[in-house]
Amino acid sequence: MSWFEKLLPPKIKSESSAVKRGVPEGLWDKCSACNAVLYRAEVERNIDVCPKCGYHMRIGARQRLDRFLDAEPREEIGENLRPVDMLKFKDSKKYKDRITDAQKKTAEKDALVVLEGKLKGKPLVAAAFEFGFMGGSMGSVVGERFVRAVNRCMENNIPLVCFAASGGARMQEALWSLMQMAKTSAALAAMGKRRLPFISILTDPTMGGVSASLAMLGDVNIAEPNALIGFAGPRVIEQTVRETLPEGFQRAEFLLEHGAIDMIVDRRDLRDTVHGLLTLLHPSS
Amino acid sequence: MNLNFLDFEQPIAELEAKIEELRHVTATDELNISDEIARLQKKSHKLTESIFSSLSAWQVAQLARHPQRPYMMDYVQRMLDEFHELHGDRAFADDHAIVGGLARLDGRPVMVIGHQKGRDTRRKLFRNFGMPRPEGYRKALRLMRMADRFGLPILTFIDTPGAYPGVGAEERGQSEAIARNLYEMAGLRVPIIATVIGEGGSGGALAIGVCDRLLMMQYATYSVISPEGCASILWKSAEKASDAAEVMGMTAVSLTTQGLVDQVIDEPLGGAHRDVDAAAAALREALLRHLGELDTGSAEDLLAQRYQRLLAYGRYEEVE
């Protein structure tokens with residue numbers, strides 16, 4: 001079990017692994033929330049939202065961006081960046097090997113994918129975290145790609161949309177990963193000064209250093225239904241306060257209730273909603 | 001066992017205990033005993049030097065959390081000529097894990113903000129073990145904005161295991177509070193000097209740590225996660241904390257080699273708690289020097305340089 005899976009309460013763990021491993025390539029899928037047997041093609045039509053109960057399954061960064069942006073044009077930003085193991089970090093496994101494994105598993109070079117494209121004809125840059133790549137953890141490449149996304153927005157005077165899905169900072173890059181929080185936030189501050197909108201979409205899960213930097217800094221913060229969002233992991237909090245956490249704690253609905261996010265939007269409505277917001281905030285792009 | 005000494009200092013502790021014993025019999029036979037004391041003191045000094053010349057990262061981490069380690073206010077009292085504490089975030093509460101206020105350093109008005117830990121059980125609880133809640137970070141931001149408005153340099157002192165992981169902290173937006181500080185600090189038009197005086201724990205430290213100069217006391221640590229946290233996640237065992245401390249390169253020396261720290265401030269032999277006055281004097285001198293250097297440019301230059309500094313964080317490869 002990886003570190004980020006350990007962060008999650010048992011219920012979520014079994015749900016996500018059931019989705020991912022239950023019926024991988026078949027014609028049929030099973031919703032881990034309502035147990036309905038679903039026709040795979042219909043699940044895909046619904047961008048991996050259960051057509052029966054509305055449960056939002058986790059999806060990869062490529063698929064996410066593919067379903068969010070217009071089909072044309074698309075240009076990837078920062079794809080030539082590669083992670084390095086500058087500390088020769090080794091725990092039970094070498095960081096170098098973890099990188100190689102994650103690259104094989106996800107076919108990505110690191111945990112953030114950035115594309116410049118259009119949303120209903122409106123030019124923008126969209127970034128998405130790949131949670132399958134070491135828990136979407138933020139290291140130097142994620143930080144640099146994010147900054148390049150911001151830079152492209154400033155060059156072309158266009159808005160930024162980011163889909164967060166991350167366990168937090170990448171421990172294997174030690175203090176360098178912590179500094180990515182300062183780096184990405186500084187870039188967003190520069191972008192804000194130019195009055196370019198940043199829409200942050202928090203998906204399941206958005207925790208730790210990613211939550212405590214770029215993900216919470218949207219001009220508009222949107223969450224997907226039931227997404228786990230917070231700073232400290234539920235297990236850590238439980239150990240600290242020594243009591244069972246309330247039902248729905250750190251879920252999107254809890255954050256909306258407590259004023260941390262602007263709205264919860266169904267994945268299938270995101271194109272319309274984000275387009276609407278961007279048109280209001282930045283009519284000229 | 002003397003609580004002032006850590007495990008790895010036990011040989012020193014034994015010698016010191018012997019010296020202490022001898023001191024009590026001085027009255028009866030003065031001459032020989034004072035010679036013996038001097039001899040033992042010399043030996044103790046040498047032993048301390050030898051033990052402290054090759055500390056492991058884990059030993060440094062223990063020193064950074066030493067129960068006698070000087071905390072923010074210990075430095076403030078010694079370094080600053082004046083200090084007016086300012087309370088509250090104007091929205092929810094006054095967080096006692098973060099102290100801030102207006103002060104005078106060498107005649108010059110400054111804004112001082114830092115984590116504060118408590119010495120005994122009651123004060124530890126009062127300070128929440130130096131773990132701030134969102135209102136602490138929001139108080140810090142309020143004071144930093146005030147400093148920006150009145151053109152006061154900001155001195156921050158970092159000493160926290162991390163931001164508090166609690167239900168209320170999450171309800172009030174711990175993530176947003178930290179993120180907002182990172183965002184705003186990038187644009188403050190006054191110099192910011194951050195000094196890690198003890199534990200630099202993760203986002204809870206960085207939230208007052210965006211800066212133009214990063215200083216570290218010799219036996220301070222700064223890391224993305226506590227060694228125990230790192231060990232329990234990556235090794236599945238908190239017992240491996242010493243390995244985690246080593247591999248994360250969290251000591252001032254290692255971080256300087258990595259190019260992340262601007263200056264390490266030497267501590268008195270045996271650590272800052274052995275001679276707090278000397279440690280505070282050394283820190284004061286370093287702060288004055290860096291303040292002097294940062295004074296020279298315009299606010300625009302300062303901001304441009306800070307932006308470059310922040311954007312330069314990262315090590316990656318770029319392929320064709």
# chains A, B, ... in the order shown; residues from 1 in each chain; ligands from 1

call {"tool": "select_by_dssp", "arguments": {"residues": "region 23-203 of chain A", "states": "helix (DSSP H, G or I)", "output": "PyMOL selection string"}}
result
chain A and resi 40-45+61-68+95-106+134-136+140-156+171-193

call {"tool": "write_last_selection", "arguments": {"atoms": "C-alpha atoms", "output": "CSV table (one decimal), in the first residue's frame"}}
result
chain,number,residue,atom,x,y,z
A,40,ARG,CA,-18.5,0.6,-19.6
A,41,ALA,CA,-19.3,2.7,-22.6
A,42,GLU,CA,-22.0,4.5,-20.7
A,43,VAL,CA,-19.6,5.1,-17.8
A,44,GLU,CA,-17.2,6.7,-20.3
A,45,ARG,CA,-20.0,8.8,-21.7
A,61,ALA,CA,-5.0,13.4,-15.9
A,62,ARG,CA,-5.0,12.8,-19.6
A,63,GLN,CA,-8.6,11.6,-19.7
A,64,ARG,CA,-9.6,14.5,-17.5
A,65,LEU,CA,-8.1,17.1,-19.8
A,66,ASP,CA,-9.3,15.3,-22.9
A,67,ARG,CA,-12.9,15.4,-21.7
A,68,PHE,CA,-12.6,19.0,-20.5
A,95,TYR,CA,13.2,7.2,-5.3
A,96,LYS,CA,14.7,6.5,-8.7
A,97,ASP,CA,12.9,3.2,-8.8
A,98,ARG,CA,9.7,4.7,-7.6
A,99,ILE,CA,9.9,7.2,-10.5
A,100,THR,CA,10.5,4.5,-13.0
A,101,ASP,CA,7.7,2.4,-11.7
A,102,ALA,CA,5.3,5.4,-11.7
A,103,GLN,CA,6.3,6.3,-15.2
A,104,LYS,CA,5.6,2.8,-16.4
A,105,LYS,CA,2.3,2.5,-14.6
A,106,THR,CA,0.9,5.9,-15.8
A,134,MET,CA,3.1,8.7,-6.7
A,135,GLY,CA,-0.2,10.0,-5.3
A,136,GLY,CA,-0.1,13.1,-7.5
A,140,SER,CA,10.1,19.9,-8.7
A,141,VAL,CA,8.7,18.9,-12.0
A,142,VAL,CA,5.1,19.4,-10.9
A,143,GLY,CA,6.1,22.9,-9.6
A,144,GLU,CA,8.0,23.9,-12.7
A,145,ARG,CA,5.2,22.7,-15.0
A,146,PHE,CA,2.7,24.6,-13.0
A,147,VAL,CA,4.8,27.8,-13.3
A,148,ARG,CA,5.2,27.3,-17.0
A,149,ALA,CA,1.5,26.9,-17.3
A,150,VAL,CA,1.1,30.3,-15.4
A,151,ASN,CA,3.8,31.8,-17.6
A,152,ARG,CA,2.0,30.7,-20.8
A,153,CYS,CA,-1.2,32.3,-19.4
A,154,MET,CA,0.6,35.6,-18.8
A,155,GLU,CA,2.2,35.5,-22.3
A,156,ASN,CA,-1.0,34.9,-24.1
A,171,MET,CA,8.7,13.5,0.5
A,172,GLN,CA,11.4,12.1,-1.7
A,173,GLU,CA,12.4,15.5,-2.7
A,174,ALA,CA,12.5,16.7,0.9
A,175,LEU,CA,12.7,20.4,1.4
A,176,TRP,CA,12.7,21.1,-2.4
A,177,SER,CA,9.1,19.7,-2.5
A,178,LEU,CA,8.0,22.0,0.3
A,179,MET,CA,9.4,25.0,-1.6
A,180,GLN,CA,7.2,24.1,-4.6
A,181,MET,CA,4.3,25.4,-2.5
A,182,ALA,CA,6.0,28.8,-2.3
A,183,LYS,CA,7.0,28.7,-5.9
A,184,THR,CA,3.5,27.9,-7.3
A,185,SER,CA,1.8,30.4,-5.0
A,186,ALA,CA,4.2,33.1,-6.0
A,187,ALA,CA,3.5,32.4,-9.7
A,188,LEU,CA,-0.3,32.6,-9.0
A,189,ALA,CA,0.2,35.9,-7.2
A,190,ALA,CA,2.0,37.3,-10.3
A,191,MET,CA,-0.9,36.1,-12.5
A,192,GLY,CA,-3.4,37.6,-10.2
A,193,LYS,CA,-1.7,41.0,-10.5

call {"tool": "interface_residues", "arguments": {"of": "chain B", "to": "chain A", "cutoff": "6 Å", "atoms": "only C-alpha atoms", "output": "number ranges by chain"}}
result
B: 165-166, 175-176, 178-179, 182-183, 186, 223-224, 233, 235, 247-248, 310-311, 314-319

call {"tool": "atom_distance", "arguments": {"atom1": "CA of Arg90 (chain B)", "atom2": "CA of Glu171 (chain B)"}}
result
17.5 Å

call {"tool": "residues_around", "arguments": {"residues": "Ala244 (chain B)", "least_positions_apart": "4", "cutoff": "8 Å", "atoms": "only C-alpha atoms", "output": "number ranges by chain"}}
result
A: 91; B: 227-228, 230-231, 240, 248

call {"tool": "closest_residue", "arguments": {"among": "A:Ala126, A:Ala36, A:Leu280, A:Phe133", "to": "Lys109 (chain A)", "atoms": "only C-alpha atoms"}}
result
A:Phe133

call {"tool": "residues_around", "arguments": {"residues": "region 72-79 of chain B", "least_positions_apart": "4", "cutoff": "9 Å", "atoms": "only C-alpha atoms", "output": "list in words"}}
result
Phe83, Val99, Ala103, Leu105, Asp106, Val112, Ile113, Gly114, His115, Gln116, Lys117, Phe157, Ile158, Asp159, Ile197, Val276, Asp277, Ala279, Ala280, Ala281, Leu283 and Arg284 of chain B

call {"tool": "select_by_dssp", "arguments": {"residues": "region 224-317 of chain B", "states": "strand (DSSP E or B)", "output": "PyMOL selection string"}}
result
chain B and resi 251+263-265+316-317

call {"tool": "write_last_selection", "arguments": {"atoms": "all heavy atoms", "output": "PDB file, in the first residue's frame"}}
result
ATOM      1  N   THR B 251      19.177  19.034   8.119  1.00  0.00           N
ATOM      2  CA  THR B 251      19.983  19.894   8.995  1.00  0.00           C
ATOM      3  C   THR B 251      20.441  21.150   8.260  1.00  0.00           C
ATOM      4  O   THR B 251      20.460  21.196   7.033  1.00  0.00           O
ATOM      5  CB  THR B 251      21.238  19.148   9.488  1.00  0.00           C
ATOM      6  OG1 THR B 251      22.065  18.871   8.349  1.00  0.00           O
ATOM      7  CG2 THR B 251      20.887  17.836  10.172  1.00  0.00           C
ATOM      8  N   GLN B 263      22.467  31.484   5.286  1.00  0.00           N
ATOM      9  CA  GLN B 263      23.508  31.521   6.317  1.00  0.00           C
ATOM     10  C   GLN B 263      23.150  30.615   7.483  1.00  0.00           C
ATOM     11  O   GLN B 263      22.005  30.566   7.924  1.00  0.00           O
ATOM     12  CB  GLN B 263      23.725  32.945   6.844  1.00  0.00           C
ATOM     13  CG  GLN B 263      25.012  33.049   7.667  1.00  0.00           C
ATOM     14  CD  GLN B 263      25.102  34.332   8.490  1.00  0.00           C
ATOM     15  OE1 GLN B 263      24.519  35.349   8.130  1.00  0.00           O
ATOM     16  NE2 GLN B 263      25.836  34.273   9.594  1.00  0.00           N
ATOM     17  N   VAL B 264      24.160  29.890   7.946  1.00  0.00           N
ATOM     18  CA  VAL B 264      24.005  29.117   9.175  1.00  0.00           C
ATOM     19  C   VAL B 264      24.659  29.907  10.295  1.00  0.00           C
ATOM     20  O   VAL B 264      25.794  30.357  10.158  1.00  0.00           O
ATOM     21  CB  VAL B 264      24.670  27.735   9.051  1.00  0.00           C
ATOM     22  CG1 VAL B 264      24.529  26.957  10.352  1.00  0.00           C
ATOM     23  CG2 VAL B 264      24.078  26.957   7.890  1.00  0.00           C
ATOM     24  N   ILE B 265      23.941  30.087  11.385  1.00  0.00           N
ATOM     25  CA  ILE B 265      24.486  30.833  12.521  1.00  0.00           C
ATOM     26  C   ILE B 265      25.017  29.846  13.553  1.00  0.00           C
ATOM     27  O   ILE B 265      24.268  29.024  14.082  1.00  0.00           O
ATOM     28  CB  ILE B 265      23.413  31.746  13.134  1.00  0.00           C
ATOM     29  CG1 ILE B 265      23.021  32.798  12.089  1.00  0.00           C
ATOM     30  CG2 ILE B 265      23.917  32.408  14.405  1.00  0.00           C
ATOM     31  CD1 ILE B 265      21.587  33.158  12.092  1.00  0.00           C
ATOM     32  N   TYR B 316      15.389  19.614 -11.682  1.00  0.00           N
ATOM     33  CA  TYR B 316      14.783  18.721 -12.663  1.00  0.00           C
ATOM     34  C   TYR B 316      15.699  18.666 -13.873  1.00  0.00           C
ATOM     35  O   TYR B 316      16.680  19.412 -13.966  1.00  0.00           O
ATOM     36  CB  TYR B 316      13.391  19.218 -13.062  1.00  0.00           C
ATOM     37  CG  TYR B 316      13.356  20.692 -13.374  1.00  0.00           C
ATOM     38  CD1 TYR B 316      13.784  21.170 -14.619  1.00  0.00           C
ATOM     39  CD2 TYR B 316      12.941  21.623 -12.430  1.00  0.00           C
ATOM     40  CE1 TYR B 316      13.788  22.524 -14.897  1.00  0.00           C
ATOM     41  CE2 TYR B 316      12.944  22.974 -12.692  1.00  0.00           C
ATOM     42  CZ  TYR B 316      13.374  23.422 -13.932  1.00  0.00           C
ATOM     43  OH  TYR B 316      13.391  24.759 -14.204  1.00  0.00           O
ATOM     44  N   GLU B 317      15.335  17.796 -14.797  1.00  0.00           N
ATOM     45  CA  GLU B 317      16.118  17.649 -16.001  1.00  0.00           C
ATOM     46  C   GLU B 317      15.239  18.113 -17.156  1.00  0.00           C
ATOM     47  O   GLU B 317      14.026  17.927 -17.124  1.00  0.00           O
ATOM     48  CB  GLU B 317      16.403  16.160 -16.182  1.00  0.00           C
ATOM     49  CG  GLU B 317      17.776  15.810 -16.677  1.00  0.00           C
ATOM     50  CD  GLU B 317      17.952  14.315 -16.538  1.00  0.00           C
ATOM     51  OE1 GLU B 317      17.231  13.566 -17.230  1.00  0.00           O
ATOM     52  OE2 GLU B 317      18.786  13.910 -15.718  1.00  0.00           O
TER      53      GLU B 317
END

call {"tool": "residues_around", "arguments": {"residues": "region 139-147 of chain B", "least_positions_apart": "3", "cutoff": "8 Å", "atoms": "only C-alpha atoms", "output": "number ranges by chain"}}
result
B: 87-90, 94-95, 98, 100-101, 110-111, 113, 135-136, 150-154, 181, 184-185, 188, 190, 208

call {"tool": "write_last_selection", "arguments": {"atoms": "C-alpha atoms", "output": "mmCIF file, in the first residue's frame"}}
result
data_model
loop_
_atom_site.group_PDB
_atom_site.id
_atom_site.type_symbol
_atom_site.label_atom_id
_atom_site.label_comp_id
_atom_site.auth_asym_id
_atom_site.auth_seq_id
_atom_site.Cartn_x
_atom_site.Cartn_y
_atom_site.Cartn_z
ATOM 1 C CA HIS B 87 -2.821 40.047 19.266
ATOM 2 C CA GLY B 88 -5.501 38.439 17.195
ATOM 3 C CA ASP B 89 -6.558 37.836 13.605
ATOM 4 C CA ARG B 90 -9.570 40.223 13.875
ATOM 5 C CA ASP B 94 -5.718 35.025 19.087
ATOM 6 C CA ASP B 95 -3.548 32.011 18.396
ATOM 7 C CA ILE B 98 2.244 32.415 16.904
ATOM 8 C CA GLY B 100 3.872 38.857 16.617
ATOM 9 C CA GLY B 101 4.502 42.479 17.299
ATOM 10 C CA VAL B 110 10.705 46.085 12.589
ATOM 11 C CA MET B 111 7.817 43.636 12.592
ATOM 12 C CA ILE B 113 6.554 37.214 13.924
ATOM 13 C CA GLU B 135 -6.128 32.118 13.041
ATOM 14 C CA GLY B 136 -2.413 32.103 13.830
ATOM 15 C CA PHE B 150 4.391 51.169 7.205
ATOM 16 C CA GLY B 151 7.558 50.074 5.467
ATOM 17 C CA LEU B 152 8.872 47.863 8.266
ATOM 18 C CA PRO B 153 11.141 44.928 7.521
ATOM 19 C CA ILE B 154 9.711 41.600 8.661
ATOM 20 C CA ASN B 181 0.288 33.542 3.300
ATOM 21 C CA GLU B 184 0.677 37.323 -0.143
ATOM 22 C CA MET B 185 4.237 37.070 1.148
ATOM 23 C CA LEU B 188 5.135 42.204 0.281
ATOM 24 C CA VAL B 190 9.422 45.094 2.504
ATOM 25 C CA ILE B 208 5.738 32.399 7.752
#

call {"tool": "residues_around", "arguments": {"residues": "Glu75 (chain A)", "least_positions_apart": "3", "cutoff": "9 Å", "atoms": "only C-alpha atoms", "output": "list of chain:residue names"}}
result
A:Val114, A:Leu115, A:Glu116, A:Gly117

call {"tool": "write_last_selection", "arguments": {"atoms": "N, CA and C atoms", "output": "PDB file, in the first residue's frame"}}
result
ATOM      1  N   VAL A 114       0.033  19.424 -18.403  1.00  0.00           N
ATOM      2  CA  VAL A 114      -0.444  20.772 -18.734  1.00  0.00           C
ATOM      3  C   VAL A 114      -0.695  20.882 -20.235  1.00  0.00           C
ATOM      4  N   LEU A 115      -1.861  21.347 -20.590  1.00  0.00           N
ATOM      5  CA  LEU A 115      -2.181  21.553 -22.005  1.00  0.00           C
ATOM      6  C   LEU A 115      -2.708  22.968 -22.231  1.00  0.00           C
ATOM      7  N   GLU A 116      -2.232  23.586 -23.300  1.00  0.00           N
ATOM      8  CA  GLU A 116      -2.875  24.816 -23.745  1.00  0.00           C
ATOM      9  C   GLU A 116      -3.909  24.432 -24.786  1.00  0.00           C
ATOM     10  N   GLY A 117      -5.099  24.971 -24.658  1.00  0.00           N
ATOM     11  CA  GLY A 117      -6.149  24.586 -25.597  1.00  0.00           C
ATOM     12  C   GLY A 117      -7.306  25.555 -25.525  1.00  0.00           C
TER      13      GLY A 117
END
